[in-house]
Amino acid sequence: MKKILERKEEEKEPAEALKARRAAAIRRLLSVLTSVKQELINARLVPSYLIKQMEDLASKLQDQLS
């Protein structure tokens, strides 16, 4: 039991590593969101208000990175 508890403590990452992983995930999400948005615009598959919402979301995510 003691070894299991010690292993769990070792698996915890420092705050800096978590911050880096979070930033990387947000950057990946922004990239995917931008690509999908462009495809939807080109194919005219969704109304403009949805594109606007995607742009707003991208803006909020970008704010999280800074």
# chains A, B, ... in the order shown; residues from 1 in each chain; ligands from 1
>>> residues_around(residues="stretch 51-58 of chain A", least_positions_apart="6", cutoff="8 Å", atoms="only C-alpha atoms", output="list in words")
Leu30, Leu33, Thr34, Lys37 and Ile41 of chain A
>>> residues_around(residues="stretch 19-29 of chain A", least_positions_apart="3", cutoff="10 Å", atoms="only C-alpha atoms", output="VMD selection string")
chain A and resid 13 to 16 32 to 35 58 61 to 62 64 to 66
>>> write_last_selection(atoms="C-alpha atoms", output="short mmCIF file (atom, residue, chain, number, x, y, z; two decimals), in the first residue's frame")
data_model
loop_
_atom_site.label_atom_id
_atom_site.label_comp_id
_atom_site.auth_asym_id
_atom_site.auth_seq_id
_atom_site.Cartn_x
_atom_site.Cartn_y
_atom_site.Cartn_z
CA GLU A 13 3.54 16.73 -12.35
CA PRO A 14 4.90 20.08 -11.29
CA ALA A 15 2.79 23.14 -11.98
CA GLU A 16 5.04 24.22 -14.84
CA VAL A 32 -8.26 22.59 -35.41
CA LEU A 33 -10.87 25.28 -34.89
CA THR A 34 -9.26 27.52 -37.49
CA SER A 35 -9.03 24.70 -40.03
CA ALA A 58 -10.96 31.26 -30.89
CA LEU A 61 -8.88 30.64 -26.28
CA GLN A 62 -6.16 32.97 -27.57
CA GLN A 64 -6.10 32.08 -22.31
CA LEU A 65 -2.64 31.68 -23.85
CA SER A 66 -1.55 35.21 -23.02
#
>>> decode(residues="stretch 9-45 of chain A", atoms="N, CA and C atoms", output="mmCIF file, in the first residue's frame")
data_model
loop_
_atom_site.group_PDB
_atom_site.id
_atom_site.type_symbol
_atom_site.label_atom_id
_atom_site.label_comp_id
_atom_site.auth_asym_id
_atom_site.auth_seq_id
_atom_site.Cartn_x
_atom_site.Cartn_y
_atom_site.Cartn_z
ATOM 1 N N GLU A 9 2.320 9.843 -5.783
ATOM 2 C CA GLU A 9 2.959 11.129 -5.521
ATOM 3 C C GLU A 9 4.004 11.434 -6.584
ATOM 4 N N GLU A 10 4.725 10.425 -7.041
ATOM 5 C CA GLU A 10 5.750 10.628 -8.063
ATOM 6 C C GLU A 10 5.125 10.974 -9.412
ATOM 7 N N GLU A 11 3.919 10.446 -9.666
ATOM 8 C CA GLU A 11 3.258 10.683 -10.944
ATOM 9 C C GLU A 11 2.730 12.104 -11.076
ATOM 10 N N LYS A 12 2.527 12.791 -9.987
ATOM 11 C CA LYS A 12 2.036 14.166 -10.051
ATOM 12 C C LYS A 12 3.087 15.042 -10.714
ATOM 13 N N GLU A 13 2.619 15.874 -11.614
ATOM 14 C CA GLU A 13 3.536 16.729 -12.348
ATOM 15 C C GLU A 13 3.635 18.096 -11.677
ATOM 16 N N PRO A 14 4.775 18.730 -11.836
ATOM 17 C CA PRO A 14 4.899 20.081 -11.286
ATOM 18 C C PRO A 14 3.977 21.057 -12.025
ATOM 19 N N ALA A 15 3.715 22.149 -11.418
ATOM 20 C CA ALA A 15 2.791 23.141 -11.979
ATOM 21 C C ALA A 15 3.239 23.626 -13.349
ATOM 22 N N GLU A 16 4.544 23.744 -13.550
ATOM 23 C CA GLU A 16 5.039 24.218 -14.843
ATOM 24 C C GLU A 16 4.711 23.238 -15.960
ATOM 25 N N ALA A 17 4.850 21.966 -15.687
ATOM 26 C CA ALA A 17 4.552 20.955 -16.703
ATOM 27 C C ALA A 17 3.067 20.959 -17.047
ATOM 28 N N LEU A 18 2.230 21.118 -16.042
ATOM 29 C CA LEU A 18 0.789 21.182 -16.290
ATOM 30 C C LEU A 18 0.431 22.419 -17.120
ATOM 31 N N LYS A 19 1.088 23.521 -16.812
ATOM 32 C CA LYS A 19 0.830 24.754 -17.559
ATOM 33 C C LYS A 19 1.242 24.589 -19.019
ATOM 34 N N ALA A 20 2.361 23.940 -19.259
ATOM 35 C CA ALA A 20 2.841 23.719 -20.625
ATOM 36 C C ALA A 20 1.894 22.785 -21.384
ATOM 37 N N ARG A 21 1.423 21.734 -20.713
ATOM 38 C CA ARG A 21 0.486 20.812 -21.361
ATOM 39 C C ARG A 21 -0.824 21.506 -21.696
ATOM 40 N N ARG A 22 -1.284 22.362 -20.798
ATOM 41 C CA ARG A 22 -2.533 23.095 -21.032
ATOM 42 C C ARG A 22 -2.384 24.036 -22.225
ATOM 43 N N ALA A 23 -1.280 24.744 -22.282
ATOM 44 C CA ALA A 23 -1.038 25.665 -23.389
ATOM 45 C C ALA A 23 -0.946 24.911 -24.715
ATOM 46 N N ALA A 24 -0.293 23.760 -24.714
ATOM 47 C CA ALA A 24 -0.179 22.967 -25.935
ATOM 48 C C ALA A 24 -1.550 22.476 -26.394
ATOM 49 N N ALA A 25 -2.375 22.069 -25.456
ATOM 50 C CA ALA A 25 -3.722 21.606 -25.804
ATOM 51 C C ALA A 25 -4.557 22.745 -26.387
ATOM 52 N N ILE A 26 -4.433 23.931 -25.815
ATOM 53 C CA ILE A 26 -5.178 25.086 -26.322
ATOM 54 C C ILE A 26 -4.691 25.448 -27.725
ATOM 55 N N ARG A 27 -3.381 25.403 -27.946
ATOM 56 C CA ARG A 27 -2.851 25.697 -29.285
ATOM 57 C C ARG A 27 -3.352 24.687 -30.313
ATOM 58 N N ARG A 28 -3.400 23.409 -29.948
ATOM 59 C CA ARG A 28 -3.932 22.386 -30.866
ATOM 60 C C ARG A 28 -5.397 22.644 -31.171
ATOM 61 N N LEU A 29 -6.166 22.989 -30.139
ATOM 62 C CA LEU A 29 -7.583 23.277 -30.326
ATOM 63 C C LEU A 29 -7.771 24.486 -31.248
ATOM 64 N N LEU A 30 -6.969 25.512 -31.061
ATOM 65 C CA LEU A 30 -7.054 26.687 -31.929
ATOM 66 C C LEU A 30 -6.761 26.323 -33.382
ATOM 67 N N SER A 31 -5.774 25.482 -33.579
ATOM 68 C CA SER A 31 -5.416 25.060 -34.928
ATOM 69 C C SER A 31 -6.557 24.302 -35.595
ATOM 70 N N VAL A 32 -7.143 23.373 -34.867
ATOM 71 C CA VAL A 32 -8.258 22.591 -35.406
ATOM 72 C C VAL A 32 -9.457 23.495 -35.666
ATOM 73 N N LEU A 33 -9.741 24.372 -34.745
ATOM 74 C CA LEU A 33 -10.873 25.280 -34.887
ATOM 75 C C LEU A 33 -10.713 26.171 -36.117
ATOM 76 N N THR A 34 -9.521 26.667 -36.332
ATOM 77 C CA THR A 34 -9.258 27.517 -37.490
ATOM 78 C C THR A 34 -9.434 26.737 -38.790
ATOM 79 N N SER A 35 -8.926 25.526 -38.826
ATOM 80 C CA SER A 35 -9.034 24.697 -40.030
ATOM 81 C C SER A 35 -10.492 24.358 -40.344
ATOM 82 N N VAL A 36 -11.218 23.943 -39.333
ATOM 83 C CA VAL A 36 -12.625 23.576 -39.532
ATOM 84 C C VAL A 36 -13.433 24.799 -39.949
ATOM 85 N N LYS A 37 -13.149 25.914 -39.316
ATOM 86 C CA LYS A 37 -13.867 27.144 -39.665
ATOM 87 C C LYS A 37 -13.659 27.488 -41.133
ATOM 88 N N GLN A 38 -12.430 27.379 -41.599
ATOM 89 C CA GLN A 38 -12.130 27.696 -42.997
ATOM 90 C C GLN A 38 -12.848 26.736 -43.940
ATOM 91 N N GLU A 39 -12.868 25.460 -43.606
ATOM 92 C CA GLU A 39 -13.586 24.480 -44.431
ATOM 93 C C GLU A 39 -15.074 24.789 -44.483
ATOM 94 N N LEU A 40 -15.645 25.137 -43.339
ATOM 95 C CA LEU A 40 -17.066 25.450 -43.294
ATOM 96 C C LEU A 40 -17.402 26.706 -44.083
ATOM 97 N N ILE A 41 -16.511 27.676 -44.033
ATOM 98 C CA ILE A 41 -16.718 28.907 -44.802
ATOM 99 C C ILE A 41 -16.664 28.603 -46.297
ATOM 100 N N ASN A 42 -15.637 27.860 -46.705
ATOM 101 C CA ASN A 42 -15.463 27.559 -48.131
ATOM 102 C C ASN A 42 -16.613 26.739 -48.695
ATOM 103 N N ALA A 43 -17.113 25.800 -47.917
ATOM 104 C CA ALA A 43 -18.190 24.927 -48.389
ATOM 105 C C ALA A 43 -19.575 25.508 -48.118
ATOM 106 N N ARG A 44 -19.610 26.612 -47.388
ATOM 107 C CA ARG A 44 -20.872 27.268 -47.036
ATOM 108 C C ARG A 44 -21.861 26.280 -46.399
ATOM 109 N N LEU A 45 -21.347 25.567 -45.392
ATOM 110 C CA LEU A 45 -22.155 24.537 -44.745
ATOM 111 C C LEU A 45 -22.925 25.028 -43.527
#
